[in-house]
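Pasted below: protein-v5.csv, CSV, C-alpha atoms.
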```csv
chain,number,residue,atom,x,y,z
V,1,MET,CA,19.8,51.8,13.0
V,2,ASP,CA,17.3,54.6,13.1
V,3,VAL,CA,17.0,54.6,9.3
V,4,LEU,CA,16.4,50.8,9.4
V,5,TRP,CA,13.7,51.1,12.0
V,6,TRP,CA,12.0,53.9,10.2
V,7,SER,CA,12.2,51.9,7.0
V,8,LEU,CA,10.6,48.9,8.7
V,9,ALA,CA,8.0,51.1,10.3
V,10,VAL,CA,7.0,52.6,6.9
V,11,ILE,CA,6.9,49.1,5.2
V,12,GLY,CA,4.8,47.8,8.1
V,13,LEU,CA,2.4,50.8,7.8
V,14,LEU,CA,2.1,50.3,4.0
V,15,VAL,CA,1.4,46.5,4.5
V,16,ALA,CA,-1.2,47.3,7.2
V,17,LEU,CA,-2.8,49.9,5.0
V,18,ALA,CA,-3.0,47.5,2.0
V,19,ALA,CA,-4.5,44.8,4.3
V,20,ALA,CA,-7.1,47.2,5.6
V,21,VAL,CA,-8.1,48.2,2.1
V,22,VAL,CA,-8.4,44.6,1.0
V,23,LEU,CA,-10.3,43.7,4.1
V,24,GLY,CA,-12.6,46.7,3.8
V,25,ALA,CA,-13.3,45.8,0.2
V,26,LEU,CA,-14.2,42.2,1.1
V,27,VAL,CA,-16.6,43.1,3.9
V,28,SER,CA,-18.1,46.1,2.1
V,29,LEU,CA,-21.6,45.6,0.6
V,30,ILE,CA,-21.9,45.6,-3.2
V,31,GLN,CA,-25.1,47.0,-4.4
V,32,VAL,CA,-26.0,46.9,-8.1
V,33,GLU,CA,-29.1,48.2,-10.0
V,34,GLY,CA,-29.7,47.8,-13.7
V,35,ARG,CA,-32.5,48.5,-16.2
V,36,VAL,CA,-33.2,47.3,-19.7
V,37,GLY,CA,-36.0,48.7,-21.8
V,38,HIS,CA,-36.9,50.7,-24.8
V,39,ALA,CA,-34.8,53.6,-23.6
V,40,GLY,CA,-31.7,51.5,-23.6
V,41,VAL,CA,-29.5,50.0,-20.9
V,42,SER,CA,-28.6,51.8,-17.7
V,43,GLY,CA,-27.0,50.7,-14.4
V,44,ARG,CA,-25.4,52.0,-11.3
V,45,GLY,CA,-23.8,50.5,-8.2
V,46,ARG,CA,-21.8,51.0,-5.1
V,47,TRP,CA,-19.0,49.1,-3.5
V,48,GLY,CA,-17.9,50.7,-0.2
V,49,VAL,CA,-16.6,54.2,-1.1
V,50,LEU,CA,-16.6,53.5,-4.9
V,51,GLY,CA,-19.6,54.0,-7.2
V,52,PHE,CA,-20.3,53.7,-10.8
V,53,GLU,CA,-22.9,54.9,-13.3
V,54,ALA,CA,-23.4,53.7,-16.9
V,55,GLU,CA,-25.9,54.4,-19.6
V,56,SER,CA,-26.1,53.2,-23.1
V,57,GLY,CA,-27.3,56.5,-24.4
V,58,ASP,CA,-24.0,58.4,-23.8
V,59,GLY,CA,-21.9,55.2,-23.9
V,60,GLN,CA,-19.9,56.3,-20.9
V,61,LEU,CA,-18.9,54.7,-17.6
V,62,VAL,CA,-18.4,57.1,-14.7
V,63,ILE,CA,-16.5,56.0,-11.6
V,64,ARG,CA,-16.9,58.0,-8.4
V,65,LEU,CA,-15.0,58.0,-5.1
V,66,LEU,CA,-16.9,59.3,-2.1
V,67,GLY,CA,-19.3,60.9,-4.6
V,68,LEU,CA,-16.6,62.7,-6.6
V,69,ARG,CA,-16.0,61.6,-10.2
V,70,ILE,CA,-12.5,60.2,-10.6
V,71,ALA,CA,-12.7,58.5,-14.0
V,72,ARG,CA,-14.9,58.5,-17.1
V,73,THR,CA,-14.3,56.0,-19.9
V,74,PRO,CA,-16.2,54.8,-23.0
V,75,LEU,CA,-18.1,51.5,-22.7
V,76,LYS,CA,-17.0,50.4,-26.2
V,77,ARG,CA,-13.5,50.6,-27.8
V,78,GLY,CA,-13.0,51.9,-31.3
V,79,ALA,CA,-12.1,49.7,-34.2
V,80,SER,CA,-8.5,51.0,-34.2
V,81,GLU,CA,-8.1,50.1,-30.5
V,82,ALA,CA,-9.5,46.6,-31.1
V,83,ALA,CA,-7.1,46.1,-34.0
V,84,ASP,CA,-4.1,47.2,-31.9
V,85,GLY,CA,-5.0,44.6,-29.3
V,86,VAL,CA,-4.7,41.7,-31.8
V,87,ASP,CA,-1.6,39.6,-31.3
V,88,GLU,CA,0.5,37.9,-33.9
V,89,PRO,CA,0.3,34.1,-34.1
V,90,GLU,CA,3.8,33.7,-32.6
V,91,GLU,CA,2.8,35.9,-29.7
V,92,ARG,CA,-0.4,33.9,-29.1
V,93,GLU,CA,1.6,30.7,-29.2
V,94,ARG,CA,4.0,31.9,-26.6
V,95,GLN,CA,1.1,33.0,-24.4
V,96,ARG,CA,-0.4,29.5,-24.7
V,97,GLU,CA,2.9,27.9,-23.7
V,98,ALA,CA,3.2,30.3,-20.8
V,99,GLU,CA,-0.3,29.4,-19.6
V,100,GLY,CA,0.8,25.8,-18.9
V,101,PRO,CA,-0.3,22.4,-20.1
V,102,ARG,CA,-3.8,21.7,-21.4
V,103,LEU,CA,-6.2,19.9,-19.1
V,104,SER,CA,-7.6,16.6,-20.0
V,105,LEU,CA,-11.3,15.9,-20.5
V,106,ALA,CA,-11.5,14.2,-17.2
V,107,ALA,CA,-9.9,17.2,-15.5
V,108,TYR,CA,-12.5,19.5,-17.1
V,109,ARG,CA,-15.3,17.3,-15.9
V,110,ARG,CA,-13.9,17.3,-12.3
V,111,LEU,CA,-13.5,21.1,-12.5
V,112,SER,CA,-17.0,21.7,-13.9
V,113,GLY,CA,-18.5,19.6,-11.0
V,114,THR,CA,-16.5,21.6,-8.4
V,115,ALA,CA,-17.4,24.9,-10.0
V,116,TRP,CA,-21.1,24.0,-10.3
V,117,ARG,CA,-21.2,22.8,-6.6
V,118,GLU,CA,-19.4,25.9,-5.3
V,119,GLY,CA,-21.4,28.2,-7.6
V,120,ARG,CA,-24.7,26.9,-6.1
V,121,HIS,CA,-23.4,27.6,-2.6
V,122,MET,CA,-22.2,31.1,-3.5
V,123,LEU,CA,-25.6,32.0,-5.1
V,124,ARG,CA,-27.1,31.6,-1.7
V,125,HIS,CA,-25.3,34.7,-0.6
V,126,LEU,CA,-26.6,36.8,-3.5
V,127,HIS,CA,-29.6,38.8,-2.2
V,128,VAL,CA,-32.1,40.0,-4.8
V,129,ASP,CA,-33.9,43.0,-3.6
V,130,ARG,CA,-35.9,43.7,-6.7
V,131,LEU,CA,-36.4,41.7,-9.9
V,132,ARG,CA,-38.9,42.7,-12.5
V,133,LEU,CA,-39.1,41.1,-16.0
V,134,ASP,CA,-41.7,41.8,-18.6
V,135,ALA,CA,-40.8,40.0,-21.9
V,136,VAL,CA,-42.6,39.0,-25.1
V,137,VAL,CA,-41.2,36.2,-27.1
V,138,ALA,CA,-41.5,36.6,-30.9
V,139,SER,CA,-39.7,35.7,-34.1
V,140,ASP,CA,-40.2,35.2,-37.8
V,141,ASP,CA,-40.5,31.4,-37.2
V,142,PRO,CA,-43.7,30.4,-35.3
V,143,SER,CA,-42.4,27.0,-34.4
V,144,TRP,CA,-39.2,28.5,-32.9
V,145,THR,CA,-41.3,31.1,-31.1
V,146,GLY,CA,-43.4,28.3,-29.4
V,147,GLU,CA,-40.3,26.4,-28.3
V,148,ALA,CA,-38.6,29.5,-27.0
V,149,PHE,CA,-41.8,30.5,-25.1
V,150,GLY,CA,-41.9,27.0,-23.5
V,151,LEU,CA,-38.2,27.2,-22.4
V,152,GLY,CA,-38.9,30.7,-21.1
V,153,CYS,CA,-41.7,29.5,-18.9
V,154,VAL,CA,-39.4,26.9,-17.4
V,155,VAL,CA,-36.8,29.6,-16.7
V,156,ALA,CA,-39.4,32.0,-15.3
V,157,ASP,CA,-40.7,29.2,-12.9
V,158,ALA,CA,-37.1,28.6,-11.7
V,159,ILE,CA,-36.6,32.3,-11.1
V,160,ARG,CA,-39.9,32.5,-9.1
V,161,ALA,CA,-38.9,29.4,-7.1
V,162,ALA,CA,-35.4,30.9,-6.2
V,163,TRP,CA,-36.7,34.4,-5.5
V,164,PRO,CA,-40.4,34.5,-4.6
V,165,GLN,CA,-40.4,38.3,-4.6
V,166,ALA,CA,-39.5,38.4,-8.3
V,167,ASP,CA,-42.1,39.8,-10.7
V,168,VAL,CA,-41.7,37.8,-13.9
V,169,ARG,CA,-44.2,38.2,-16.7
V,170,LEU,CA,-43.7,36.3,-20.0
V,171,GLY,CA,-45.8,36.6,-23.1
V,172,VAL,CA,-45.8,35.4,-26.7
V,173,ASP,CA,-46.6,37.1,-29.9
V,174,PHE,CA,-46.9,35.0,-33.1
V,175,THR,CA,-47.5,38.1,-35.3
V,176,ALA,CA,-44.4,40.1,-34.4
V,177,THR,CA,-40.9,39.2,-35.8
V,178,GLU,CA,-38.7,40.5,-33.0
V,179,PRO,CA,-38.9,40.0,-29.2
V,180,SER,CA,-39.5,42.9,-26.8
V,181,GLY,CA,-39.5,43.5,-23.1
V,182,ALA,CA,-38.0,45.3,-20.2
V,183,ALA,CA,-36.2,44.2,-17.0
V,184,GLU,CA,-35.1,45.8,-13.7
V,185,LEU,CA,-32.7,44.2,-11.2
V,186,ALA,CA,-31.3,45.2,-7.9
V,187,LEU,CA,-29.1,43.0,-5.9
V,188,ARG,CA,-26.5,43.1,-3.1
V,189,LEU,CA,-23.6,40.9,-2.0
V,190,ARG,CA,-20.7,40.8,0.5
V,191,PRO,CA,-17.6,39.6,-1.4
V,192,VAL,CA,-16.1,38.1,1.8
V,193,ARG,CA,-18.8,35.3,1.7
V,194,LEU,CA,-17.5,34.2,-1.7
V,195,VAL,CA,-13.9,33.8,-0.5
V,196,PRO,CA,-14.2,30.2,0.7
V,197,GLY,CA,-15.9,28.9,-2.5
V,198,ALA,CA,-13.5,30.9,-4.7
V,199,ALA,CA,-10.5,29.5,-2.8
V,200,ARG,CA,-11.8,25.9,-3.2
V,201,VAL,CA,-12.3,26.4,-7.0
V,202,GLY,CA,-8.8,28.0,-7.3
V,203,TRP,CA,-7.3,25.0,-5.3
V,204,ALA,CA,-9.1,22.6,-7.7
V,205,VAL,CA,-7.7,24.4,-10.7
V,206,TRP,CA,-4.2,24.4,-9.3
V,207,ARG,CA,-4.4,20.7,-8.5
V,208,GLU,CA,-5.6,19.7,-12.0
V,209,ARG,CA,-2.9,21.8,-13.6
V,210,ARG,CA,-0.3,20.2,-11.4
V,211,ARG,CA,-1.7,16.7,-12.4
V,212,SER,CA,-1.6,17.6,-16.1
V,213,ARG,CA,2.0,18.9,-15.8
V,214,HIS,CA,3.1,15.8,-14.0
V,215,ALA,CA,1.4,13.5,-16.6
V,216,ARG,CA,3.1,15.4,-19.4
V,217,ARG,CA,6.5,15.0,-17.8
V,218,THR,CA,5.9,11.3,-17.2
V,219,ARG,CA,5.0,10.8,-20.9
V,220,GLY,CA,8.1,12.8,-21.9
V,221,THR,CA,10.3,10.6,-19.7
V,222,THR,CA,8.8,7.4,-21.0
V,223,GLY,CA,9.3,8.5,-24.6
V,224,TRP,CA,12.9,9.4,-23.9
V,225,GLU,CA,13.5,6.0,-22.2
V,226,ARG,CA,12.0,4.2,-25.2
V,227,ARG,CA,14.2,6.1,-27.6
V,228,ALA,CA,17.2,5.3,-25.5
V,229,TRP,CA,16.5,1.6,-25.6
V,230,ARG,CA,16.2,1.7,-29.3
```

As structure tokens, how would this structure be written, given the file I've shared?
Amino acid sequence: MDVLWWSLAVIGLLVALAAAVVLGALVSLIQVEGRVGHAGVSGRGRWGVLGFEAESGDGQLVIRLLGLRIARTPLKRGASEAADGVDEPEERERQREAEGPRLSLAAYRRLSGTAWREGRHMLRHLHVDRLRLDAVVASDDPSWTGEAFGLGCVVADAIRAAWPQADVRLGVDFTATEPSGAAELALRLRPVRLVPGAARVGWAVWRERRRSRHARRTRGTTGWERRAWR
């Protein structure tokens, strides 16, 4: 009996520890900063006791725990690694079958509406501390440059309306052939605020997959009955 009680105590302790880790991750603040410019792309962030740093110059992603480096991995895989990850056609077919039935167009429409609605609600919990954008639209086609600049102005106005503190500057250059610019972004988020919306989207996906599976079984049964009557 003592061994049983000790085993139950250890299992309970492990479950409590896992629950504490998950809860801590959900309530911890995620902070991300990123920069894009002539010097390349760089970013850093923190999630609770975890942190990361990435720069396009060295092409490395550094992960830290309590400030101590615990992992370092390249941002891009080599050609040989990418080739090893390619599956054979039979394997891809088995994976598609394991994923379940394909959804109908009506199901995709319902899911897109749910995802759009929940995404808008979740964006309200995304706090932008700093947003700076300085871009110049240019291309080798002046007509396309004008259209792209018009669309960019619409996007810039939407960004300013959503985040009044954003510093967005957009220009156009009809003599250059390539666009240029720089951007800087800093945001924060608590993942726990996204749980309700993510749960509703997941429930909608499960419900549509269940409907599609039921519809496929119903069509299969009807076809079998027709063959039997023949």

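For V:Asp134, the list of residues within 7 Å, based on all atoms listed in the file and with local chain neighbours fewer than 4 positions off taken out, reads Val168, Arg169, Leu170, Gly181, Ala182 and Ala183 of chain V.
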
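Using all atoms listed in the file, the nearest neighbour of V:Val128 within the list V:Trp144, V:Val32, V:Arg210, V:Ser180 is V:Val32.
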
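Distance annotation: of V:Ala199, V:Ile159, V:Leu185, V:Ile11, the residue with the minimal separation from V:Gln31 is V:Leu185; atom set is all atoms listed in the file.
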
*What does the distance from atom CA of V:Val192 to atom CA of V:Leu50 come to in Å, to one decimal?*
16.8 Å

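Note that the spacing between atom CA of V:Ala204 and atom CA of V:Ala115 amounts to 8.9 Å.
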
*asked:* At a cut-off of 10 Å around the point (-28.2, 56.4, -12.0) (file coordinates), what residues fall inside when counting only C-alpha atoms? I'd like the answer as a list in words.
replied: Glu33, Gly34, Arg35, Ser42, Gly43, Arg44, Gly45, Phe52, Glu53, Ala54 and Glu55 of chain V

*How far is it from atom CA of V:Arg120 to atom CA of V:Val21, in Å with one decimal?*
28.2 Å

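Among the candidates V:Arg69, V:Arg200, V:Arg211, V:His125, the residue lying nearest to V:Ile30 is V:His125 (atoms considered: all atoms listed in the file).
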
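Taking all atoms listed in the file into account, the protein, DNA and RNA residues within 12 Å of (-32.9, 39.4, -5.3) read Gln31, Val32, Glu33, Leu123, Arg124, His125, Leu126, His127, Val128, Asp129, Arg130, Leu131, Arg132, Ile159, Arg160, Ala161, Ala162, Trp163, Pro164, Gln165, Ala166, Asp167, Glu184, Leu185, Ala186, Leu187, Arg188 and Leu189 of chain V.
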
_Long-range neighbours of V:Met122 as number ranges by chain, 8 Å cut-off, all atoms listed in the file, 5 positions minimum in chain_ = V: 193-194, 197

Using the block above, I'd like stretch 154-191 of chain V written out, keeping N, CA and C atoms and formatting it as a tab-separated table (two decimals), in the first residue's frame.
```
chain	number	residue	atom	x	y	z
V	154	VAL	N	-4.41	53.02	-48.25
V	154	VAL	CA	-5.58	52.46	-47.55
V	154	VAL	C	-5.15	51.65	-46.34
V	155	VAL	N	-4.12	50.79	-46.53
V	155	VAL	CA	-3.62	49.98	-45.41
V	155	VAL	C	-3.04	50.86	-44.32
V	156	ALA	N	-2.31	51.91	-44.70
V	156	ALA	CA	-1.72	52.81	-43.71
V	156	ALA	C	-2.80	53.52	-42.91
V	157	ASP	N	-3.87	53.95	-43.56
V	157	ASP	CA	-4.97	54.60	-42.84
V	157	ASP	C	-5.64	53.62	-41.87
V	158	ALA	N	-5.77	52.36	-42.28
V	158	ALA	CA	-6.37	51.37	-41.39
V	158	ALA	C	-5.48	51.13	-40.18
V	159	ILE	N	-4.16	51.11	-40.39
V	159	ILE	CA	-3.24	50.92	-39.26
V	159	ILE	C	-3.32	52.09	-38.30
V	160	ARG	N	-3.36	53.30	-38.82
V	160	ARG	CA	-3.45	54.48	-37.95
V	160	ARG	C	-4.77	54.50	-37.18
V	161	ALA	N	-5.85	54.02	-37.83
V	161	ALA	CA	-7.14	54.00	-37.13
V	161	ALA	C	-7.15	52.96	-36.02
V	162	ALA	N	-6.50	51.80	-36.25
V	162	ALA	CA	-6.47	50.75	-35.23
V	162	ALA	C	-5.51	51.09	-34.10
V	163	TRP	N	-4.35	51.67	-34.45
V	163	TRP	CA	-3.34	52.01	-33.45
V	163	TRP	C	-2.92	53.46	-33.67
V	164	PRO	N	-3.55	54.41	-32.98
V	164	PRO	CA	-3.25	55.83	-33.21
V	164	PRO	C	-1.80	56.19	-32.92
V	165	GLN	N	-1.12	55.42	-32.08
V	165	GLN	CA	0.26	55.73	-31.75
V	165	GLN	C	1.24	55.28	-32.83
V	166	ALA	N	0.74	54.64	-33.88
V	166	ALA	CA	1.60	54.15	-34.94
V	166	ALA	C	2.17	55.30	-35.77
V	167	ASP	N	3.42	55.18	-36.13
V	167	ASP	CA	4.10	56.16	-36.98
V	167	ASP	C	4.32	55.51	-38.35
V	168	VAL	N	3.42	55.78	-39.26
V	168	VAL	CA	3.43	55.15	-40.59
V	168	VAL	C	3.68	56.22	-41.64
V	169	ARG	N	4.73	56.04	-42.41
V	169	ARG	CA	5.07	56.98	-43.49
V	169	ARG	C	5.22	56.19	-44.78
V	170	LEU	N	4.50	56.61	-45.78
V	170	LEU	CA	4.48	55.91	-47.05
V	170	LEU	C	4.77	56.89	-48.18
V	171	GLY	N	5.74	56.54	-49.01
V	171	GLY	CA	6.09	57.38	-50.15
V	171	GLY	C	6.11	56.58	-51.43
V	172	VAL	N	6.33	57.26	-52.53
V	172	VAL	CA	6.34	56.62	-53.84
V	172	VAL	C	7.49	57.21	-54.66
V	173	ASP	N	8.12	56.34	-55.45
V	173	ASP	CA	9.24	56.75	-56.29
V	173	ASP	C	9.06	56.08	-57.66
V	174	PHE	N	8.75	56.91	-58.68
V	174	PHE	CA	8.51	56.37	-60.01
V	174	PHE	C	9.80	56.19	-60.82
V	175	THR	N	10.93	56.61	-60.26
V	175	THR	CA	12.20	56.45	-60.97
V	175	THR	C	12.95	55.20	-60.53
V	176	ALA	N	12.73	54.74	-59.30
V	176	ALA	CA	13.41	53.53	-58.82
V	176	ALA	C	12.68	52.29	-59.33
V	177	THR	N	13.37	51.17	-59.29
V	177	THR	CA	12.79	49.91	-59.77
V	177	THR	C	12.49	48.93	-58.65
V	178	GLU	N	12.94	49.20	-57.43
V	178	GLU	CA	12.70	48.31	-56.31
V	178	GLU	C	12.23	49.11	-55.11
V	179	PRO	N	11.29	48.55	-54.33
V	179	PRO	CA	10.82	49.25	-53.13
V	179	PRO	C	11.89	49.23	-52.04
V	180	SER	N	11.75	50.12	-51.10
V	180	SER	CA	12.68	50.20	-49.98
V	180	SER	C	11.91	50.67	-48.75
V	181	GLY	N	12.55	50.50	-47.60
V	181	GLY	CA	11.90	50.94	-46.38
V	181	GLY	C	12.47	50.27	-45.15
V	182	ALA	N	11.91	50.63	-44.03
V	182	ALA	CA	12.31	50.07	-42.74
V	182	ALA	C	11.08	50.02	-41.86
V	183	ALA	N	11.07	49.07	-40.92
V	183	ALA	CA	9.94	48.91	-40.02
V	183	ALA	C	10.44	48.48	-38.65
V	184	GLU	N	9.69	48.87	-37.64
V	184	GLU	CA	10.00	48.51	-36.25
V	184	GLU	C	8.69	48.25	-35.53
V	185	LEU	N	8.63	47.15	-34.82
V	185	LEU	CA	7.39	46.73	-34.17
V	185	LEU	C	7.69	46.16	-32.80
V	186	ALA	N	6.88	46.56	-31.82
V	186	ALA	CA	6.95	46.02	-30.47
V	186	ALA	C	5.53	45.80	-29.97
V	187	LEU	N	5.23	44.58	-29.58
V	187	LEU	CA	3.88	44.26	-29.12
V	187	LEU	C	3.93	43.32	-27.94
V	188	ARG	N	2.80	43.22	-27.25
V	188	ARG	CA	2.69	42.33	-26.09
V	188	ARG	C	1.30	41.71	-26.06
V	189	LEU	N	1.24	40.55	-25.44
V	189	LEU	CA	0.00	39.78	-25.44
V	189	LEU	C	0.04	38.76	-24.32
V	190	ARG	N	-1.12	38.53	-23.70
V	190	ARG	CA	-1.27	37.44	-22.73
V	190	ARG	C	-2.06	36.31	-23.40
V	191	PRO	N	-1.44	35.15	-23.59
V	191	PRO	CA	-2.11	34.06	-24.32
V	191	PRO	C	-3.43	33.61	-23.71
```
